[in-house]
Structure formats: C-alpha cells, structure tokens
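With compact mmCIF, C-alpha atoms inside, this is my_file.txt:
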```txt
# COMPACT_ATOMS: atom_id res chain seq x y z
CA MET A 1 30.44 2.16 -27.86
CA ALA A 2 32.38 -0.23 -25.61
CA LEU A 3 32.61 0.45 -21.91
CA ARG A 4 36.08 0.68 -20.42
CA SER A 5 36.88 -1.96 -17.90
CA ASP A 6 38.61 -1.54 -14.56
CA ARG A 7 41.20 -4.19 -15.32
CA PRO A 8 44.88 -3.52 -16.02
CA GLY A 9 45.41 -2.08 -19.45
CA GLY A 10 41.75 -1.03 -19.59
CA GLN A 11 40.87 -3.46 -22.40
CA THR A 12 37.21 -3.81 -23.25
CA HIS A 13 35.42 -6.93 -24.39
CA ASP A 14 35.40 -5.43 -27.89
CA GLU A 15 39.18 -5.02 -27.76
CA ASP A 16 39.53 -8.59 -26.45
CA LEU A 17 37.36 -9.87 -29.31
CA ASP A 18 39.31 -7.82 -31.85
CA LEU A 19 42.63 -9.20 -30.57
CA ALA A 20 41.26 -12.76 -30.66
CA ARG A 21 39.94 -12.40 -34.22
CA ARG A 22 43.19 -10.81 -35.47
CA CYS A 23 45.17 -13.69 -33.93
CA GLU A 24 42.85 -16.18 -35.66
CA ARG A 25 43.53 -14.51 -39.00
CA GLY A 26 47.28 -14.97 -38.48
CA ASP A 27 48.15 -11.33 -37.71
CA GLU A 28 51.67 -11.68 -36.32
CA ASP A 29 51.54 -8.35 -34.45
CA ALA A 30 48.34 -9.47 -32.72
CA GLN A 31 49.88 -12.83 -31.87
CA ARG A 32 52.95 -11.15 -30.35
CA SER A 33 50.65 -8.81 -28.43
CA PHE A 34 48.64 -11.81 -27.20
CA VAL A 35 51.77 -13.60 -25.93
CA ASP A 36 53.15 -10.39 -24.38
CA ARG A 37 49.86 -9.68 -22.65
CA PHE A 38 49.07 -13.17 -21.35
CA GLY A 39 52.38 -15.06 -21.28
CA SER A 40 53.32 -13.89 -17.79
CA LEU A 41 49.83 -14.73 -16.48
CA VAL A 42 50.09 -18.27 -17.83
CA TYR A 43 53.66 -18.69 -16.57
CA SER A 44 52.61 -17.40 -13.15
CA VAL A 45 49.64 -19.78 -12.93
CA CYS A 46 51.98 -22.69 -13.68
CA GLY A 47 54.53 -21.61 -11.10
CA ARG A 48 52.04 -20.81 -8.36
CA SER A 49 50.43 -24.19 -8.91
CA GLY A 50 53.75 -25.89 -8.20
CA ILE A 51 55.05 -26.61 -11.70
CA GLU A 52 58.75 -25.74 -11.91
CA GLY A 53 61.74 -26.06 -14.18
CA PRO A 54 61.39 -27.41 -17.71
CA ASP A 55 57.87 -28.68 -16.94
CA ARG A 56 56.78 -25.09 -16.21
CA ASP A 57 58.05 -23.91 -19.61
CA ASP A 58 56.45 -26.87 -21.41
CA VAL A 59 53.07 -26.50 -19.72
CA ALA A 60 53.02 -22.71 -20.22
CA GLN A 61 53.82 -23.11 -23.91
CA GLN A 62 51.14 -25.78 -24.26
CA ILE A 63 48.58 -23.48 -22.61
CA LEU A 64 49.39 -20.64 -25.01
CA LEU A 65 49.18 -23.05 -27.95
CA ASP A 66 45.84 -24.38 -26.65
CA ALA A 67 44.61 -20.80 -26.29
CA PHE A 68 45.58 -19.95 -29.89
CA CYS A 69 43.84 -23.08 -31.15
CA ALA A 70 40.71 -22.36 -29.10
CA LEU A 71 40.40 -18.66 -30.01
CA PRO A 72 37.54 -19.36 -32.47
CA CYS A 73 35.53 -20.51 -29.41
CA TYR A 74 36.12 -17.24 -27.53
CA GLN A 75 32.91 -15.22 -27.77
CA GLY A 76 33.71 -12.39 -25.36
CA ALA A 77 31.27 -13.45 -22.63
CA SER A 78 34.11 -13.03 -20.12
CA ARG A 79 37.40 -11.16 -20.12
CA LEU A 80 40.01 -12.74 -22.35
CA SER A 81 42.32 -12.98 -19.31
CA THR A 82 39.62 -14.91 -17.41
CA TRP A 83 39.13 -17.24 -20.35
CA ILE A 84 42.89 -17.89 -20.60
CA TYR A 85 43.12 -18.33 -16.82
CA SER A 86 40.45 -21.02 -16.96
CA LEU A 87 42.32 -22.78 -19.79
CA SER A 88 45.47 -22.55 -17.67
CA LEU A 89 43.79 -24.09 -14.62
CA ARG A 90 42.50 -27.00 -16.70
CA ARG A 91 45.88 -27.65 -18.32
CA VAL A 92 47.62 -27.48 -14.91
CA ALA A 93 45.08 -29.97 -13.53
CA ASP A 94 45.75 -32.23 -16.53
CA HIS A 95 49.49 -31.97 -15.87
CA PHE A 96 49.10 -33.08 -12.25
CA ARG A 97 46.72 -35.92 -13.16
CA SER A 98 49.20 -37.13 -15.75
CA ARG A 99 52.12 -36.79 -13.33
CA GLN A 100 50.20 -38.64 -10.62
CA ARG A 101 49.67 -41.54 -13.00
CA ARG A 102 53.41 -41.57 -13.85
CA ASP A 103 54.37 -41.32 -10.15
CA VAL A 104 52.06 -44.18 -9.16
CA ALA A 105 53.47 -46.32 -11.96
CA SER A 106 57.06 -45.54 -10.96
CA GLY A 107 56.44 -45.69 -7.21
CA GLN A 108 57.66 -42.10 -6.67
CA PRO A 109 55.91 -39.85 -4.15
CA GLU A 110 53.97 -36.89 -5.46
CA ASP A 111 55.90 -33.61 -5.30
CA ASP A 112 53.48 -30.94 -4.15
CA THR A 113 55.60 -27.82 -3.81
CA PHE A 114 54.66 -24.17 -3.98
CA PRO A 115 57.24 -21.84 -5.57
CA PRO A 116 58.91 -18.97 -3.68
CA LEU A 117 57.67 -15.42 -3.93
CA PRO A 118 60.13 -12.69 -4.92
CA ALA A 119 61.49 -10.70 -1.98
CA ALA A 120 60.83 -6.96 -1.77
CA THR A 121 63.97 -4.95 -2.42
CA SER A 122 63.04 -1.64 -0.71
CA ASP A 123 62.87 -3.18 2.78
CA SER A 124 65.70 -3.46 5.27
CA PRO A 125 67.41 -6.86 5.53
CA ASP A 126 65.53 -7.57 8.79
CA GLU A 127 62.17 -6.70 7.21
CA GLN A 128 63.02 -8.84 4.18
CA ALA A 129 63.85 -11.78 6.44
CA VAL A 130 60.54 -11.46 8.32
CA LYS A 131 58.55 -11.12 5.09
CA SER A 132 60.39 -14.06 3.58
CA GLN A 133 59.56 -16.22 6.60
CA GLU A 134 55.90 -15.14 6.45
CA ALA A 135 55.73 -15.82 2.71
CA ASP A 136 57.34 -19.22 3.25
CA ARG A 137 54.75 -20.10 5.92
CA LEU A 138 51.95 -19.01 3.57
CA ARG A 139 53.39 -21.05 0.66
CA ARG A 140 53.64 -24.15 2.82
CA ALA A 141 50.10 -23.63 4.15
CA VAL A 142 48.65 -23.17 0.65
CA SER A 143 50.56 -26.20 -0.67
CA ARG A 144 48.99 -28.35 2.06
CA LEU A 145 45.42 -27.37 1.14
CA PRO A 146 43.45 -30.13 -0.59
CA LYS A 147 43.65 -29.62 -4.37
CA PRO A 148 39.99 -28.54 -4.79
CA GLU A 149 40.36 -25.77 -2.18
CA ARG A 150 43.84 -24.84 -3.38
CA SER A 151 42.72 -24.28 -6.98
CA VAL A 152 39.85 -22.03 -5.87
CA VAL A 153 42.04 -20.06 -3.41
CA LEU A 154 44.72 -19.54 -6.06
CA ALA A 155 42.16 -18.50 -8.69
CA TYR A 156 40.53 -16.04 -6.28
CA TYR A 157 43.68 -14.45 -4.86
CA LEU A 158 46.36 -15.00 -7.51
CA GLY A 159 44.08 -14.86 -10.53
CA GLU A 160 41.90 -12.14 -8.98
CA MET A 161 38.85 -13.91 -10.35
CA SER A 162 35.37 -13.44 -8.96
CA VAL A 163 33.32 -16.36 -7.64
CA THR A 164 31.26 -16.26 -10.84
CA GLU A 165 34.38 -16.33 -13.03
CA ILE A 166 35.83 -19.26 -11.06
CA SER A 167 32.52 -21.07 -11.34
CA ARG A 168 32.57 -20.73 -15.12
CA ALA A 169 36.28 -21.53 -15.42
CA LEU A 170 36.12 -24.68 -13.32
CA HIS A 171 32.62 -25.72 -14.45
CA MET A 172 31.13 -25.92 -10.95
CA PRO A 173 28.23 -24.22 -9.20
CA GLU A 174 28.96 -20.89 -7.49
CA GLY A 175 27.89 -22.42 -4.17
CA THR A 176 30.63 -25.03 -4.50
CA VAL A 177 33.20 -22.32 -5.26
CA LYS A 178 32.08 -20.35 -2.18
CA THR A 179 32.24 -23.46 0.01
CA ARG A 180 35.74 -24.37 -1.19
CA LEU A 181 36.93 -20.79 -0.79
CA HIS A 182 35.51 -20.68 2.74
CA ARG A 183 37.10 -24.02 3.66
CA GLY A 184 40.42 -22.93 2.18
CA ARG A 185 40.38 -19.66 4.14
CA GLN A 186 39.48 -21.48 7.36
CA ALA A 187 42.27 -24.02 6.89
CA LEU A 188 44.81 -21.27 6.14
CA ARG A 189 43.67 -19.18 9.11
CA LYS A 190 43.87 -22.19 11.44
CA GLU A 191 47.34 -23.18 10.23
CA LEU A 192 48.75 -19.66 10.19
CA MET A 193 47.50 -18.89 13.71
CA VAL A 194 49.82 -21.57 15.09
CA PRO A 195 53.24 -19.99 15.80
```

Taking this structure as input, can you express it in the form of structure tokens?
Amino acid sequence: MALRSDRPGGQTHDEDLDLARRCERGDEDAQRSFVDRFGSLVYSVCGRSGIEGPDRDDVAQQILLDAFCALPCYQGASRLSTWIYSLSLRRVADHFRSRQRRDVASGQPEDDTFPPLPAATSDSPDEQAVKSQEADRLRRAVSRLPKPERSVVLAYYLGEMSVTEISRALHMPEGTVKTRLHRGRQALRKELMVP
C-alpha cells in the first residue's frame, strides 16, 4: 500500500511511477496528464529564472521533451515534480551558458532580468501599488544574487524543494546548498533593509 503524500494533488510515488511508465508506453491520456500536471511548473521555472518571450516557450518545450525522453531513468526515488524541477534547473542553466557564449561573441551585455509577479486582485488600488513595489524590490534583489545563490534560493522558495532535494537536483553536497541558501538570504535581507 502506497502512503499518501502531503504534496498538491496527493500523488504517491507509486502513482508517479505509474504515470511515468504509462507515458513511456505511449499512452496519450497519460502524456496529456503529464503535460497538464507539470507544464505550468516548467513554464514557471523558466520565467522565474529570467527567460522570457519566445525563448521561454522554447526552453519549456525542450524541458518537457527532455523529461519524456528521460522517463525510463525515473525510478521513483524522489517525487516526479522534484525530478522534473531538477531537469528544468539544468536546462535553464544550459540556456544561460549558451546565451552567455552568444552574448560574448556578439559583444552584447548579458540580460539578467527577473519577471514580474501577478498582482493580487482582491486588494485596494493602494494596497496593490504597495505590494507591487515590494514585489519589484524583491525581484530586483533576487536578480542581483550571484547565479549559484539565486538558483538555490529559487529552488527552495519557488520550487518548494528541501535542502536534500536541491542537493540531488543540482548534484552538490547538502552543506553547499545550505551555505548558498544562507548567503542568498543574507544578501536579500541586507539589500531589502535599505529603504
């Protein structure tokens, strides 16, 4: 009997494995379910990492394609969402490495933006303006973090991954993840304390 998890949708590792195996066999319903379940996660990782416009669509599609191709490697040791998140982080890192090489060759500066967050609709216009300004300050602060700290901070807070999951996803010791998370938090705190 599989234990229920506390994650959204309540999927168990057995259900994750079943979905993965059905996708491998070419079950179109399972493949649609896979894209429905993880497409927004992948798209969000791309956007929060600073990939926008057509590049965001291309990278997200490539990540989903990579995930489909790699499903035979998924053994259920972690949540399927964690596994896909780690694939997403690696593909995003590849995208930026590739873009950096193109930018250096063309002499263009690196664009290191952080996309806007959606505004809450139930707040008054004044509250929305304040929240928008706060969110903008946070986006700018996160975008200025060094890439190693930024990837760990985004994985921890946006991806809601544990230190252990980040360690596995990024192939680094847990101590390194903790150090980068600590440094990222300190840098954000220091920058956000300045009015």

Computed gap from atom CA of A:Cys46 to atom CA of A:Ser162 is 19.6 Å

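Among the candidates A:Arg137, A:Arg97, A:Arg21, A:Lys178, the one nearest to A:Tyr156 when counting all atoms listed in the file is A:Lys178.
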
Spatial neighbours of A:Lys190, 12 Å, all atoms listed in the file, chain gap at least 6 places, as a PyMOL selection string: chain A and resi 138+141-142+145+183-184

Work out how far apart atom CA of A:Phe34 and atom CA of A:Ala155 are and give it in Å to one decimal. 20.7 Å

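Considering the residues A:Ala70, A:Arg90, A:Asp58, A:Gly47 and counting only C-alpha atoms, A:Arg139 has its shortest atom-to-atom contact with A:Gly47.
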
Considering only C-alpha atoms, can you say which of A:Leu188, A:Val152, A:Val92, A:Leu17 comes closest to A:Gln75? A:Leu17

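Distances here use only C-alpha atoms; by that measure, the residue among A:Arg22, A:Arg56, A:His171, A:Arg48 closest to A:Val153 is A:Arg48.
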
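For the pair atom CA of A:Phe68 and atom CA of A:Arg150, the separation is 27.0 Å.
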
Shell around A:Ser49 at 10 Å using all atoms listed in the file, local window under 2 positions removed, as a VMD selection string: chain A and resid 43 to 47 51 to 52 56 89 92 to 93 96 112 to 115 142 to 143 147 150 to 151 154

Select, counting all atoms listed in the file, all protein, DNA and RNA residues no farther than 12 Å from (32.6, -19.8, -12.8) in file coordinates, and express the selection as an NGL selection string. :A and (77-78 or 82-83 or 85-86 or 152 or 155-156 or 161-178)

Let me make sure I understand: among A:Glu160, A:Glu28, A:Glu191, A:Glu15, which one has the smallest atom-to-atom distance to A:Leu80 if we use all atoms listed in the file? A:Glu15

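The smallest atom-to-atom distance between A:Leu181 and any of A:Met193, A:Tyr74, A:Pro146, A:Ser33, using only C-alpha atoms, is found for A:Pro146.
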
Write out as an MDAnalysis selection string each polymer residue whose atoms come within 12 Å of A:Gln61, counting all atoms listed in the file; drop sequence neighbours fewer than 2 positions from it. chainID A and resid 35 38:43 46 54:59 63:68 88 91:92

Create the file for the chosen residues now, containing C-alpha atoms and written as a PDB file, in the coordinates of the input.
```pdb
ATOM      1  CA  VAL A  35      51.770 -13.600 -25.930  1.00  0.00           C
ATOM      2  CA  PHE A  38      49.070 -13.170 -21.350  1.00  0.00           C
ATOM      3  CA  GLY A  39      52.380 -15.060 -21.280  1.00  0.00           C
ATOM      4  CA  SER A  40      53.320 -13.890 -17.790  1.00  0.00           C
ATOM      5  CA  LEU A  41      49.830 -14.730 -16.480  1.00  0.00           C
ATOM      6  CA  VAL A  42      50.090 -18.270 -17.830  1.00  0.00           C
ATOM      7  CA  TYR A  43      53.660 -18.690 -16.570  1.00  0.00           C
ATOM      8  CA  CYS A  46      51.980 -22.690 -13.680  1.00  0.00           C
ATOM      9  CA  PRO A  54      61.390 -27.410 -17.710  1.00  0.00           C
ATOM     10  CA  ASP A  55      57.870 -28.680 -16.940  1.00  0.00           C
ATOM     11  CA  ARG A  56      56.780 -25.090 -16.210  1.00  0.00           C
ATOM     12  CA  ASP A  57      58.050 -23.910 -19.610  1.00  0.00           C
ATOM     13  CA  ASP A  58      56.450 -26.870 -21.410  1.00  0.00           C
ATOM     14  CA  VAL A  59      53.070 -26.500 -19.720  1.00  0.00           C
ATOM     15  CA  ILE A  63      48.580 -23.480 -22.610  1.00  0.00           C
ATOM     16  CA  LEU A  64      49.390 -20.640 -25.010  1.00  0.00           C
ATOM     17  CA  LEU A  65      49.180 -23.050 -27.950  1.00  0.00           C
ATOM     18  CA  ASP A  66      45.840 -24.380 -26.650  1.00  0.00           C
ATOM     19  CA  ALA A  67      44.610 -20.800 -26.290  1.00  0.00           C
ATOM     20  CA  PHE A  68      45.580 -19.950 -29.890  1.00  0.00           C
ATOM     21  CA  SER A  88      45.470 -22.550 -17.670  1.00  0.00           C
ATOM     22  CA  ARG A  91      45.880 -27.650 -18.320  1.00  0.00           C
ATOM     23  CA  VAL A  92      47.620 -27.480 -14.910  1.00  0.00           C
TER      24      VAL A  92
END
```
